[in-house]
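Source file: entry-v8.cif. Holds: mmCIF, C-alpha atoms.
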data_start
#
loop_
_atom_site.label_atom_id
_atom_site.label_comp_id
_atom_site.auth_asym_id
_atom_site.auth_seq_id
_atom_site.Cartn_x
_atom_site.Cartn_y
_atom_site.Cartn_z
CA MET A 1177 161.19 52.57 81.20
CA SER A 1178 158.10 51.26 82.92
CA ALA A 1179 155.80 48.32 83.45
CA ASN A 1180 152.50 49.35 81.87
CA SER A 1181 149.18 48.07 83.18
CA VAL A 1182 146.06 48.66 81.09
CA LEU A 1183 142.91 48.15 83.19
CA LEU A 1184 139.36 47.50 82.04
CA ASP A 1185 136.37 46.48 84.13
CA PHE A 1186 132.81 45.49 83.35
CA SER A 1187 129.66 44.37 85.10
CA LEU A 1188 126.99 41.90 84.04
CA ASP A 1189 124.21 39.70 85.40
CA PRO A 1190 125.98 37.21 87.76
CA THR A 1191 123.95 34.31 86.34
CA ARG A 1192 125.81 34.73 83.03
CA ILE A 1193 129.08 33.51 84.60
CA SER A 1194 127.66 30.93 87.00
CA ASP A 1195 128.61 27.83 84.98
CA GLU A 1196 131.68 26.62 83.09
CA VAL A 1197 130.15 26.72 79.59
CA SER A 1198 128.98 30.34 80.00
CA ARG A 1199 132.34 31.44 81.39
CA LYS A 1200 134.27 29.87 78.51
CA ASP A 1201 131.95 31.42 75.94
CA ILE A 1202 132.60 34.89 77.40
CA VAL A 1203 136.37 34.24 77.59
CA LYS A 1204 136.32 33.18 73.92
CA LEU A 1205 134.54 36.39 72.91
CA CYS A 1206 136.92 38.51 75.03
CA LYS A 1207 139.89 36.78 73.38
CA GLU A 1208 138.54 37.46 69.89
CA HIS A 1209 138.14 41.17 70.62
CA LEU A 1210 141.54 41.39 72.31
CA GLU A 1211 143.20 39.83 69.25
CA LYS A 1212 142.26 42.87 67.21
CA TYR A 1213 144.98 44.68 69.17
CA LEU A 1214 147.21 41.87 70.53
CA ASP A 1215 148.59 39.26 68.12
CA THR A 1216 148.31 35.49 68.59
CA LEU A 1217 146.84 35.41 72.08
CA LYS A 1218 147.15 32.02 73.78
CA ILE A 1219 145.40 30.82 76.90
CA THR A 1220 148.23 29.63 79.14
CA TYR A 1221 146.40 29.00 82.41
CA ASP A 1222 142.97 29.10 83.95
CA MET A 1223 141.47 28.16 87.30
CA LEU A 1224 138.46 28.49 89.52
CA THR A 1225 139.01 30.81 92.47
CA GLU A 1226 137.17 31.08 95.75
CA ASP A 1227 135.22 34.05 94.40
CA GLY A 1228 135.09 33.28 90.68
CA TYR A 1229 137.39 32.39 87.79
CA LEU A 1230 140.82 33.45 86.45
CA CYS A 1231 142.21 33.08 82.93
CA VAL A 1232 145.75 34.04 81.86
CA LEU A 1233 146.60 34.75 78.20
CA SER A 1234 149.92 35.61 76.58
CA SER A 1235 150.95 37.38 73.41
CA GLY A 1236 154.74 37.32 73.35
CA PRO A 1237 155.86 39.45 76.32
CA ILE A 1238 152.34 40.80 76.91
CA ILE A 1239 150.35 39.09 79.67
CA THR A 1240 146.59 39.53 79.88
CA THR A 1241 144.42 38.32 82.73
CA ILE A 1242 140.65 37.97 82.61
CA ARG A 1243 138.98 37.55 85.95
CA PHE A 1244 135.33 36.85 86.73
CA PHE A 1245 133.87 37.61 90.15
CA ASN A 1246 130.78 35.69 91.18
CA GLN A 1247 129.04 38.94 92.09
CA GLY A 1248 128.94 39.96 88.40
CA LEU A 1249 132.24 41.79 87.81
CA ILE A 1250 134.80 41.17 85.06
CA THR A 1251 138.29 42.69 85.04
CA ILE A 1252 140.78 42.60 82.18
CA ASN A 1253 144.40 43.58 82.89
CA ILE A 1254 146.98 43.91 80.12
CA GLU A 1255 150.58 44.18 81.33
CA TYR A 1256 153.83 44.66 79.44
CA TYR A 1257 157.24 46.30 79.63
CA ARG A 1258 157.65 49.58 77.76
CA ALA A 1259 161.09 50.97 77.02
CA GLU A 1260 161.72 54.71 77.05
CA CYS A 1261 160.54 56.39 73.81
CA GLU A 1262 158.77 53.18 72.75
CA ALA A 1263 155.16 53.47 71.58
CA PRO A 1264 152.55 51.78 73.78
CA LYS A 1265 151.53 48.26 72.80
CA ILE A 1266 147.91 49.36 73.01
CA SER A 1267 146.96 53.03 73.03
CA PHE A 1268 144.27 54.57 75.23
CA GLU A 1269 142.17 55.20 72.13
CA GLN A 1270 142.41 51.49 71.26
CA THR A 1271 141.59 50.58 74.86
CA ARG A 1272 138.41 52.66 74.67
CA GLU A 1273 137.53 50.96 71.37
CA LEU A 1274 138.06 47.58 73.04
CA GLU A 1275 135.87 48.60 75.98
CA ASN A 1276 133.02 49.74 73.71
CA SER A 1277 133.17 46.67 71.50
CA LEU A 1278 133.07 44.33 74.51
CA VAL A 1279 130.13 46.17 76.07
CA GLN A 1280 128.15 46.10 72.83
CA ASN A 1281 128.94 42.57 71.66
CA LEU A 1282 128.83 40.85 75.05
CA LYS A 1283 125.81 42.96 76.13
CA LEU A 1284 127.50 44.01 79.35
CA ASN A 1285 125.86 46.39 81.82
CA HIS A 1286 128.81 48.68 82.38
CA GLY A 1287 132.32 49.22 81.09
CA GLN A 1288 135.28 51.36 82.08
CA SER A 1289 138.85 51.64 80.83
CA LEU A 1290 141.79 53.63 82.21
CA PRO A 1291 144.95 55.03 80.64
CA ALA A 1292 147.92 52.74 81.23
CA LEU A 1293 149.38 52.86 84.73
CA GLN A 1294 153.15 53.29 84.39
CA ARG A 1295 155.17 51.77 87.21
CA GLY A 1296 158.93 52.11 87.38
CA PRO A 1297 161.82 54.14 88.79
CA VAL A 1298 159.99 57.45 88.21
CA THR A 1299 157.09 57.55 90.67
CA LYS A 1300 154.04 59.23 89.15
CA TYR A 1301 151.30 58.22 91.58
CA PHE A 1302 150.71 59.75 94.99
CA PRO A 1303 147.77 59.48 97.41
CA THR A 1304 145.41 62.17 98.59
CA ALA A 1305 144.79 62.55 102.31
CA ASP A 1306 141.89 60.09 102.11
CA GLU A 1307 143.98 57.61 100.08
CA ARG A 1308 142.70 58.21 96.56
CA VAL A 1309 145.37 57.84 93.88
CA ILE A 1310 146.37 60.79 91.68
CA GLU A 1311 148.69 60.59 88.67
CA TYR A 1312 151.16 63.46 88.33
CA ASP A 1313 152.92 64.66 85.18
CA ILE A 1314 156.36 63.80 86.56
CA ASP A 1315 159.03 63.37 83.92
CA LYS A 1316 162.26 63.00 85.90
CA VAL A 1317 163.82 62.38 89.29
CA LEU A 1318 166.34 65.04 90.28
CA TYR A 1319 167.32 63.72 93.72
CA ASP A 1320 166.80 60.37 95.40
CA LYS A 1321 168.47 59.50 98.70
CA ARG A 1322 167.56 58.05 102.07
CA SER A 1323 168.64 59.89 105.21
CA ASP A 1324 168.69 58.48 108.72
CA PHE A 1325 165.09 59.69 109.05
CA GLN A 1326 163.28 59.31 105.73
CA LYS A 1327 163.39 58.73 101.99
CA ILE A 1328 163.97 62.02 100.17
CA GLN A 1329 163.14 62.66 96.53
CA ILE A 1330 162.89 65.77 94.42
CA VAL A 1331 161.03 65.17 91.19
CA HIS A 1332 160.10 67.46 88.32
CA SER A 1333 156.47 67.98 87.34
CA LYS A 1334 155.61 69.70 84.07
CA SER A 1335 152.83 71.69 85.74
CA LEU A 1336 154.06 72.06 89.35
CA GLY A 1337 157.80 72.51 88.87
CA ASN A 1338 160.20 70.74 91.20
CA MET A 1339 158.48 68.89 94.06
CA LEU A 1340 159.83 67.56 97.36
CA VAL A 1341 158.59 64.04 98.16
CA LEU A 1342 159.24 62.54 101.61
CA ASP A 1343 158.58 58.84 102.23
CA GLU A 1344 156.55 58.62 99.00
CA LEU A 1345 154.26 61.54 99.99
CA GLN A 1346 154.17 64.88 98.21
CA ASN A 1347 155.46 67.61 100.55
CA ILE A 1348 155.80 70.91 98.68
CA ALA A 1349 156.25 72.04 95.09
CA GLU A 1350 157.45 75.22 93.45
CA ALA A 1351 153.81 76.00 92.63
CA ASP A 1352 152.76 75.85 96.31
CA LEU A 1353 153.25 79.41 97.54
CA ILE A 1354 149.60 79.34 98.65
CA TYR A 1355 150.49 76.60 101.15
CA THR A 1356 153.15 78.72 102.85
CA GLU A 1357 151.11 81.93 102.74
CA THR A 1358 148.09 80.21 104.28
CA LEU A 1359 150.16 78.54 106.98
CA MET A 1360 151.58 81.93 108.01
CA ARG A 1361 148.30 83.82 107.36
CA ARG A 1362 150.10 86.42 105.29
CA GLY A 1363 148.36 89.78 105.41
CA ILE A 1364 146.50 88.84 108.59
CA GLU A 1365 149.27 88.11 111.13
CA ASN A 1366 151.84 90.81 111.88
CA TYR A 1367 155.35 89.38 112.15
CA LYS A 1368 157.30 92.62 112.16
CA GLY A 1369 159.68 92.72 115.11
CA LYS A 1370 158.50 89.33 116.40
CA GLU A 1371 160.40 86.32 117.76
CA ILE A 1372 159.53 83.16 115.83
CA CYS A 1373 160.39 79.46 116.14
CA ILE A 1374 159.85 77.01 113.28
CA LEU A 1375 159.70 73.32 114.14
CA GLY A 1376 160.75 71.41 111.02
CA GLY A 1377 160.38 73.39 107.81
CA GLY A 1378 163.38 71.75 106.14
CA ASP A 1379 162.37 72.90 102.65
CA GLY A 1380 163.11 76.47 103.76
CA ALA A 1381 159.98 77.96 102.18
CA LEU A 1382 158.36 79.12 105.44
CA LEU A 1383 161.57 80.70 106.73
CA TYR A 1384 162.18 82.46 103.41
CA GLU A 1385 158.68 83.96 103.32
CA LEU A 1386 158.67 84.93 107.01
CA LEU A 1387 161.90 86.88 106.61
CA LYS A 1388 160.13 89.12 104.08
CA GLU A 1389 157.85 90.24 106.96
CA GLU A 1390 160.78 91.79 108.92
CA PRO A 1391 160.67 89.72 112.12
CA LYS A 1392 163.16 90.41 114.89
CA HIS A 1393 164.52 86.85 114.72
CA VAL A 1394 163.52 83.41 113.46
CA VAL A 1395 165.05 80.15 114.67
CA MET A 1396 164.36 77.06 112.58
CA LEU A 1397 164.83 73.59 114.11
CA GLU A 1398 165.23 70.92 111.43
CA ILE A 1399 166.51 67.40 112.09
CA ASP A 1400 167.29 66.30 108.54
CA GLU A 1401 170.39 67.84 106.99
CA LEU A 1402 169.90 65.99 103.70
CA VAL A 1403 166.46 67.54 103.14
CA MET A 1404 167.99 71.01 103.43
CA GLN A 1405 170.86 70.16 101.11
CA ALA A 1406 168.50 68.79 98.48
CA CYS A 1407 166.11 71.76 98.69
CA ASN A 1408 168.98 74.24 98.62
CA LYS A 1409 170.08 72.77 95.29
CA TYR A 1410 166.76 72.00 93.60
CA MET A 1411 164.09 74.11 95.35
CA ASN A 1412 165.74 77.51 95.70
CA SER A 1413 162.86 79.21 93.91
CA ILE A 1414 160.86 78.69 97.14
CA CYS A 1415 163.64 78.93 99.73
CA GLY A 1416 165.98 81.55 98.26
CA ASP A 1417 169.43 81.35 99.81
CA VAL A 1418 168.42 80.75 103.44
CA LEU A 1419 169.44 77.08 103.36
CA GLU A 1420 172.80 78.12 101.94
CA ARG A 1421 173.51 80.89 104.45
CA ARG A 1422 172.03 79.09 107.49
CA LYS A 1423 172.51 82.13 109.76
CA ALA A 1424 172.21 85.91 109.73
CA ASP A 1425 171.27 88.69 112.14
CA ASP A 1426 167.57 87.90 111.76
CA PHE A 1427 167.58 84.09 111.54
CA GLU A 1428 169.37 80.89 112.47
CA ILE A 1429 168.92 77.32 111.27
CA ILE A 1430 169.79 74.67 113.84
CA VAL A 1431 170.18 71.05 112.74
CA GLY A 1432 168.83 68.81 115.46
CA ASP A 1433 165.84 67.33 117.24
CA CYS A 1434 163.34 70.13 117.87
CA MET A 1435 162.30 68.62 121.22
CA VAL A 1436 165.86 68.85 122.51
CA TYR A 1437 165.88 72.56 121.75
CA LEU A 1438 162.37 73.20 123.00
CA ASN A 1439 163.39 71.67 126.34
CA LYS A 1440 166.49 73.85 126.30
CA TYR A 1441 164.40 76.98 125.65
CA MET A 1442 162.07 76.04 128.52
CA LYS A 1443 165.00 75.85 130.94
CA GLU A 1444 166.38 79.16 129.67
CA GLY A 1445 162.98 80.85 129.85
CA ARG A 1446 163.18 81.80 126.19
CA GLN A 1447 159.79 82.63 124.68
CA PHE A 1448 158.41 83.33 121.22
CA ASP A 1449 155.57 85.27 119.68
CA TYR A 1450 154.94 82.48 117.20
CA VAL A 1451 155.76 78.79 117.02
CA PHE A 1452 155.17 77.03 113.70
CA GLY A 1453 154.60 73.29 113.66
CA ASP A 1454 155.80 72.47 110.14
CA LEU A 1455 156.23 68.79 110.92
CA THR A 1456 154.08 65.72 110.33
CA ASP A 1457 150.50 65.81 109.06
CA ILE A 1458 147.63 64.78 111.34
CA PRO A 1459 147.50 60.96 111.08
CA ILE A 1460 144.65 59.11 109.40
CA SER A 1461 143.58 56.65 112.10
CA ASP A 1462 140.57 55.28 113.93
CA THR A 1463 141.69 56.60 117.30
CA PRO A 1464 144.20 59.27 118.43
CA THR A 1465 146.71 56.68 119.60
CA GLY A 1466 150.15 55.59 118.52
CA GLU A 1467 153.60 57.10 118.09
CA ILE A 1468 152.63 59.97 115.77
CA TRP A 1469 149.70 61.09 117.93
CA ASP A 1470 151.97 60.98 121.00
CA PHE A 1471 154.49 63.12 119.12
CA ILE A 1472 151.79 65.64 118.14
CA ARG A 1473 150.63 65.96 121.77
CA THR A 1474 154.23 66.37 122.97
CA ILE A 1475 154.86 69.11 120.39
CA LEU A 1476 151.67 70.96 121.33
CA GLU A 1477 152.44 70.88 125.06
CA ALA A 1478 156.07 71.93 124.59
CA SER A 1479 155.21 74.70 122.13
CA PHE A 1480 152.88 76.44 124.55
CA LYS A 1481 155.57 76.33 127.22
CA VAL A 1482 157.83 78.47 125.03
CA LEU A 1483 155.10 80.77 123.71
CA LYS A 1484 154.47 84.18 125.20
CA PRO A 1485 151.04 84.56 126.91
CA ASP A 1486 149.57 86.09 123.75
CA GLY A 1487 151.63 83.91 121.38
CA ARG A 1488 150.25 81.67 118.66
CA PHE A 1489 150.93 78.14 117.50
CA MET A 1490 150.49 77.84 113.72
CA THR A 1491 150.32 74.51 111.95
CA HIS A 1492 148.92 72.54 109.04
CA GLY A 1493 146.44 69.73 109.54
CA ASN A 1494 145.27 67.45 106.75
CA GLY A 1495 142.84 67.41 103.85
CA VAL A 1496 139.22 68.46 104.29
CA SER A 1497 138.42 64.95 103.04
CA CYS A 1498 139.53 63.57 106.44
CA PRO A 1499 137.02 65.11 108.89
CA GLU A 1500 137.36 62.32 111.45
CA SER A 1501 141.11 62.87 111.88
CA LEU A 1502 140.70 66.64 111.99
CA GLN A 1503 138.05 66.24 114.69
CA MET A 1504 140.39 64.02 116.72
CA TYR A 1505 143.09 66.70 116.47
CA GLU A 1506 140.65 69.36 117.64
CA GLU A 1507 139.71 67.11 120.56
CA GLN A 1508 143.39 67.00 121.54
CA LEU A 1509 143.48 70.79 121.44
CA GLY A 1510 140.49 70.79 123.80
CA LYS A 1511 142.47 68.75 126.34
CA LEU A 1512 145.43 71.17 126.58
CA THR A 1513 146.09 72.87 129.90
CA PRO A 1514 145.86 75.83 130.20
CA ALA A 1515 142.89 75.91 127.80
CA VAL A 1516 143.37 77.08 124.23
CA THR A 1517 141.13 78.34 121.47
CA TYR A 1518 141.75 78.00 117.78
CA THR A 1519 140.73 79.20 114.36
CA LYS A 1520 141.17 77.29 111.13
CA CYS A 1521 141.23 78.07 107.45
CA THR A 1522 141.63 76.15 104.21
CA ALA A 1523 143.41 76.52 100.89
CA PHE A 1524 143.66 74.42 97.75
CA VAL A 1525 147.29 73.27 97.53
CA PRO A 1526 148.34 72.53 93.92
CA SER A 1527 150.75 69.68 94.63
CA PHE A 1528 148.28 68.00 97.00
CA MET A 1529 145.48 68.52 94.47
CA GLU A 1530 143.05 69.02 97.35
CA GLU A 1531 141.83 71.48 99.96
CA TRP A 1532 144.07 71.56 103.05
CA VAL A 1533 143.27 72.68 106.61
CA PHE A 1534 145.48 75.03 108.66
CA TYR A 1535 145.19 75.85 112.38
CA GLN A 1536 145.99 78.92 114.47
CA VAL A 1537 145.99 78.11 118.20
CA GLN A 1538 146.35 80.44 121.19
CA ARG A 1539 145.69 80.47 124.92
CA GLY A 1540 142.16 81.25 126.01
CA SER A 1541 138.71 79.72 125.97
CA GLY A 1542 135.83 79.99 123.57
CA ALA A 1543 134.36 78.38 120.50
CA ALA A 1544 136.49 77.47 117.49
CA ALA A 1545 136.06 79.47 114.32
CA SER A 1546 136.75 79.00 110.64
CA VAL A 1547 138.19 81.95 108.76
#
Translate the structure of the given file into structure tokens.
Amino acid sequence: MSANSVLLDFSLDPTRISDEVSRKDIVKLCKEHLEKYLDTLKITYDMLTEDGYLCVLSSGPIITTIRFFNQGLITINIEYYRAECEAPKISFEQTRELENSLVQNLKLNHGQSLPALQRGPVTKYFPTADERVIEYDIDKVLYDKRSDFQKIQIVHSKSLGNMLVLDELQNIAEADLIYTETLMRRGIENYKGKEICILGGGDGALLYELLKEEPKHVVMLEIDELVMQACNKYMNSICGDVLERRKADDFEIIVGDCMVYLNKYMKEGRQFDYVFGDLTDIPISDTPTGEIWDFIRTILEASFKVLKPDGRFMTHGNGVSCPESLQMYEEQLGKLTPAVTYTKCTAFVPSFMEEWVFYQVQRGSGAAASV
């Protein structure tokens, strides 16, 4: 079940909607063309707005709004409830026909129509890093709970497989091996016999893939037990049985705040060859301020205190479409003491549907490099 919204928009010379008679003539013509697809349309309400004009029409349970903007824009929105397995009230093919007939008969400058947006209990729309909307082919929700820390969903996509969604943001899908392999720089970094610490990583994918590289030991610090339970049940194609076993000779999963354990490791003098920051993405913001940026700085500083002198901090950043935020993150790296240098690389992540940036940071000085 879903609330369907069919959207059309047009542009025209603003002078054509500058007076009441002209506006009503265009509304009349729009109504006539709409009635080819929607029966017995009635105008139920209209009003002048600060920036134009609004008209509301009804056809049984279907509500259509026509809005004029003084700058020369017209939008038509058709909204209705659609039960599961019910045919659409107006198909996309009919919507395109409506768009073309309005452009031709009203002599409009531009027209565009979109497939119906379907809003309901199955979320199908997620944002890119730079806040563009993408529709996914999600057909069911497998898991939907809220922990003490976040909203957790696992949904099924016809093309991506099962996908973990945290706080309404896509996190990782079964089709995203490239994400994990790029984060760990498989084939480039040598993990054999190494001591590794993962901060976060509750989906288990990074731990599962690292263990294939024969490290000496991996400790994973994850705060959200429910994420691990959900992924163990619905995402085991990417995490294997590590979230089920939780501990073996070569790894241990600890449920708790990673900062608590990083402070503990500092006091004990425990050090690692690699620390992975598999936590929050780099924020999209105007300045590097606020709670998340403070958390990122705290994690960076603490991680280097538990890294061996030649150790590396590996993390994901954000989409290449967010250069300002990536630059702010790199500026934070430049402020670390002792000084660090970094390389970065990118990969197209299927469930993100965009190119993502990954960082490899180590002590030293010198220019940054892309690899």
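Remark: for A:Ile1354, the closest of the candidate residues A:Val1309, A:Val1341, A:Leu1375, A:Ile1414 is A:Ile1414 (distances computed over all atoms listed in the file).
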Closest atom pairs, stretch 1260-1363 of chain A residues within 8 Å of stretch 1487-1499 of chain A, all atoms listed in the file, as a tab-separated table:
residue	atom	partner	partner_atom	distance
A:Thr1304	CA	A:Gly1495	CA	7.9
A:Ala1305	CA	A:Gly1495	CA	5.5
A:Asp1306	CA	A:Cys1498	CA	6.0
A:Leu1359	CA	A:Thr1491	CA	6.4
A:Met1360	CA	A:Met1490	CA	7.1
I need the output of the PyMOL selection byres ((chain A and resi 1228) around 7) for this file as number ranges by chain; which residues are they? A: 1224-1227, 1229, 1244-1246
Carefully work through the PyMOL selection byres ((chain A and resi 1421-1436) around 7) for this structure and note down the residues it includes, as a ChimeraX atom specification. /A:1375,1392-1401,1417-1420,1437-1440
Quote the spacing between atom CA of A:Val1331 and atom CA of A:Gly1377 in Å to one decimal place.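 Value for the atom CA of A:Val1331-atom CA of A:Gly1377 distance: 18.6 Å.
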Looking at A:Glu1273, A:Asp1449, A:Glu1507, A:Glu1390, which one is nearest to A:Trp1469, with distances taken over all atoms listed in the file?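 The closest residue to A:Trp1469 is A:Glu1507.
Picture a line from atom CA of A:Ile1475 to atom CA of A:Ile1348; it runs 21.8 Å.
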Please identify all polymer residues within 8 Å of A:Thr1356, counting only C-alpha atoms, omitting same-chain residues fewer than 5 positions from it, and present them as a ChimeraX atom specification. /A:1381-1382,1385
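Atom CA of A:Ile1460 to atom CA of A:Ile1310 spans 17.9 Å [interatomic distance, one decimal].
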All residues 10 Å or closer to A:Arg1361, all atoms listed in the file, same chain fewer than 6 positions away omitted, as number ranges by chain: A: 1354-1355, 1490, 1521, 1534-1536
Got a sec: who's within 10 Å of A:Glu1275, counting all atoms listed in the file, leaving out chain neighbours fewer than 3 positions off, as a PDB file with C-alpha atoms, in the frame of the given file?
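Once written, part-v4.pdb looks like this:
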ATOM      1  CA  LEU A1184     139.360  47.500  82.040  1.00  0.00           C
ATOM      2  CA  ASP A1185     136.370  46.480  84.130  1.00  0.00           C
ATOM      3  CA  PHE A1186     132.810  45.490  83.350  1.00  0.00           C
ATOM      4  CA  HIS A1209     138.140  41.170  70.620  1.00  0.00           C
ATOM      5  CA  LEU A1210     141.540  41.390  72.310  1.00  0.00           C
ATOM      6  CA  ILE A1252     140.780  42.600  82.180  1.00  0.00           C
ATOM      7  CA  GLU A1269     142.170  55.200  72.130  1.00  0.00           C
ATOM      8  CA  GLN A1270     142.410  51.490  71.260  1.00  0.00           C
ATOM      9  CA  THR A1271     141.590  50.580  74.860  1.00  0.00           C
ATOM     10  CA  ARG A1272     138.410  52.660  74.670  1.00  0.00           C
ATOM     11  CA  LEU A1278     133.070  44.330  74.510  1.00  0.00           C
ATOM     12  CA  VAL A1279     130.130  46.170  76.070  1.00  0.00           C
ATOM     13  CA  GLN A1280     128.150  46.100  72.830  1.00  0.00           C
ATOM     14  CA  HIS A1286     128.810  48.680  82.380  1.00  0.00           C
ATOM     15  CA  GLY A1287     132.320  49.220  81.090  1.00  0.00           C
ATOM     16  CA  GLN A1288     135.280  51.360  82.080  1.00  0.00           C
ATOM     17  CA  SER A1289     138.850  51.640  80.830  1.00  0.00           C
ATOM     18  CA  LEU A1290     141.790  53.630  82.210  1.00  0.00           C
TER      19      LEU A1290
END
Chain and number of each residue from the PyMOL selection byres ((chain A and resi 1329) around 9), as a PyMOL selection string: chain A and resi 1317-1322+1327-1328+1330-1331+1339-1344+1403+1406
With all atoms listed in the file as the basis for distance, which of A:Lys1409, A:Lys1368, A:Lys1511, A:Lys1200 is at the shortest distance from A:Glu1389? A:Lys1368
Pick from A:Phe1528, A:Arg1539, A:Leu1205, A:Met1177: nearest to A:Lys1283, with only C-alpha atoms counted?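 Using only C-alpha atoms, A:Lys1283 sits closest to A:Leu1205.
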Which residues, written as a list in words, have at least one atom at most 9 Å from A:Arg1473, with all atoms listed in the file counted and residues fewer than 4 positions away on the same chain left out?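 Here the answer would be Ile1468, Trp1469, Glu1477, Ala1478, Gln1508, Leu1509 and Leu1512 of chain A.
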Mind checking which residues fall within 9 Å of A:Ile1202, counting all atoms listed in the file, ignoring those fewer than 3 positions away in the same chain, and posting them as a ChimeraX atom specification? /A:1192-1193,1197-1199,1205-1207,1282
Next, write the just-selected residues to a file, as a PDB file, in the frame of the given file, keeping C-alpha atoms as the atom set.
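Now in result-v2.pdb:
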ATOM      1  CA  ARG A1192     125.810  34.730  83.030  1.00  0.00           C
ATOM      2  CA  ILE A1193     129.080  33.510  84.600  1.00  0.00           C
ATOM      3  CA  VAL A1197     130.150  26.720  79.590  1.00  0.00           C
ATOM      4  CA  SER A1198     128.980  30.340  80.000  1.00  0.00           C
ATOM      5  CA  ARG A1199     132.340  31.440  81.390  1.00  0.00           C
ATOM      6  CA  LEU A1205     134.540  36.390  72.910  1.00  0.00           C
ATOM      7  CA  CYS A1206     136.920  38.510  75.030  1.00  0.00           C
ATOM      8  CA  LYS A1207     139.890  36.780  73.380  1.00  0.00           C
ATOM      9  CA  LEU A1282     128.830  40.850  75.050  1.00  0.00           C
TER      10      LEU A1282
END
Kindly provide, as a PDB file with C-alpha atoms, in the frame of the given file, the polymer residues lying within 9 Å of (146.4, 57.0, 89.2), counting only C-alpha atoms and using the coordinates exactly as they appear in the file.
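Now in point-v4.pdb:
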ATOM      1  CA  PRO A1291     144.950  55.030  80.640  1.00  0.00           C
ATOM      2  CA  LEU A1293     149.380  52.860  84.730  1.00  0.00           C
ATOM      3  CA  LYS A1300     154.040  59.230  89.150  1.00  0.00           C
ATOM      4  CA  TYR A1301     151.300  58.220  91.580  1.00  0.00           C
ATOM      5  CA  PHE A1302     150.710  59.750  94.990  1.00  0.00           C
ATOM      6  CA  PRO A1303     147.770  59.480  97.410  1.00  0.00           C
ATOM      7  CA  ARG A1308     142.700  58.210  96.560  1.00  0.00           C
ATOM      8  CA  VAL A1309     145.370  57.840  93.880  1.00  0.00           C
ATOM      9  CA  ILE A1310     146.370  60.790  91.680  1.00  0.00           C
ATOM     10  CA  GLU A1311     148.690  60.590  88.670  1.00  0.00           C
ATOM     11  CA  TYR A1312     151.160  63.460  88.330  1.00  0.00           C
TER      12      TYR A1312
END
